[in-house]
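Quick notes on the structure that follows.
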Amino acid sequence: MAIYAGCFCGSWMVLKRHSVWFALALLCSCAAAERKRTVSEMSGKQMYTLHCMLCHGEDGTLGNGGAKNLATSNISKEKILAIIKYGSANGLMRPFGKGKNPELNAMEIDAVTEYILKLRDGGE
Ligand code: HEC
């Protein structure tokens with residue numbers, strides 16, 4: 001609570017002295033520090049939107065080009081991590097974590113995995 005109040009008061013004083021946007025940015029970063037978990041969920045979602053949605057769809061059920069339904073999928077977390085990293089055995093889903101310059105690093109693959117596991121319960 002004290003931290004929140006501090007953040008808010010600080011931002012308010014900045015608001016008076018500087019631009020509104022700067023104060024807004026400060027407010028956001030305070031909120032982000034308070035709620036780290038939400039931030040990592042967000043980035044899992046952002047990565048999903050960027051890299052996976054085209055084939056799997058927003059809720060995981062699209063099935064574009066033979067993509068598996070992620071809402072009904074029941075494979076283990078280890079298998080999910082592997083398929084994202086190395087791609088599917090039939091080559092329809094490309095690898096995201098292989099090679100010199102992988103699209104996603106291990107942390108990102110973990111975040112996106114946490115996100116798609118939640119699609120199984122019918123959303124957030
Ligand atoms: C080019 C289309 C495409 C993209 C992009 C794609 N996938 Fe896939 N995905 C597929 C296909 C096709 C399959 C089914 C492969 C098979 O038949 O073995 C699949 C299967 C999977 C499976 C296995 C599900 C199961 O139950 O076997 C997971 C998990 C998965 N994808 C997650 C992801 C994630 C996470 C991303 C983004 C990082 C992603 N996919 C991006 C096409 C795609």
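Letters A, B, ... go to the chains of the structure tokens in the order shown; residues in each chain start at 1; ligands are counted from 1 in the same order.
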
**Message:** Env of A:Gly91: 12 Å cut, atoms = only C-alpha atoms, seq-sep filter 5 positions within chain, self excluded. Answer as a PyMOL selection string.
**Reply:** chain A and resi 65-67+83-84+86

**Message:** Around ligand 1, out to 10 Å and counting only C-alpha atoms and all ligand atoms, which residues are there? I want them as number ranges by chain.
**Reply:** A: 44-45, 47-57, 60, 63-85, 87-97, 103-104, 108-117
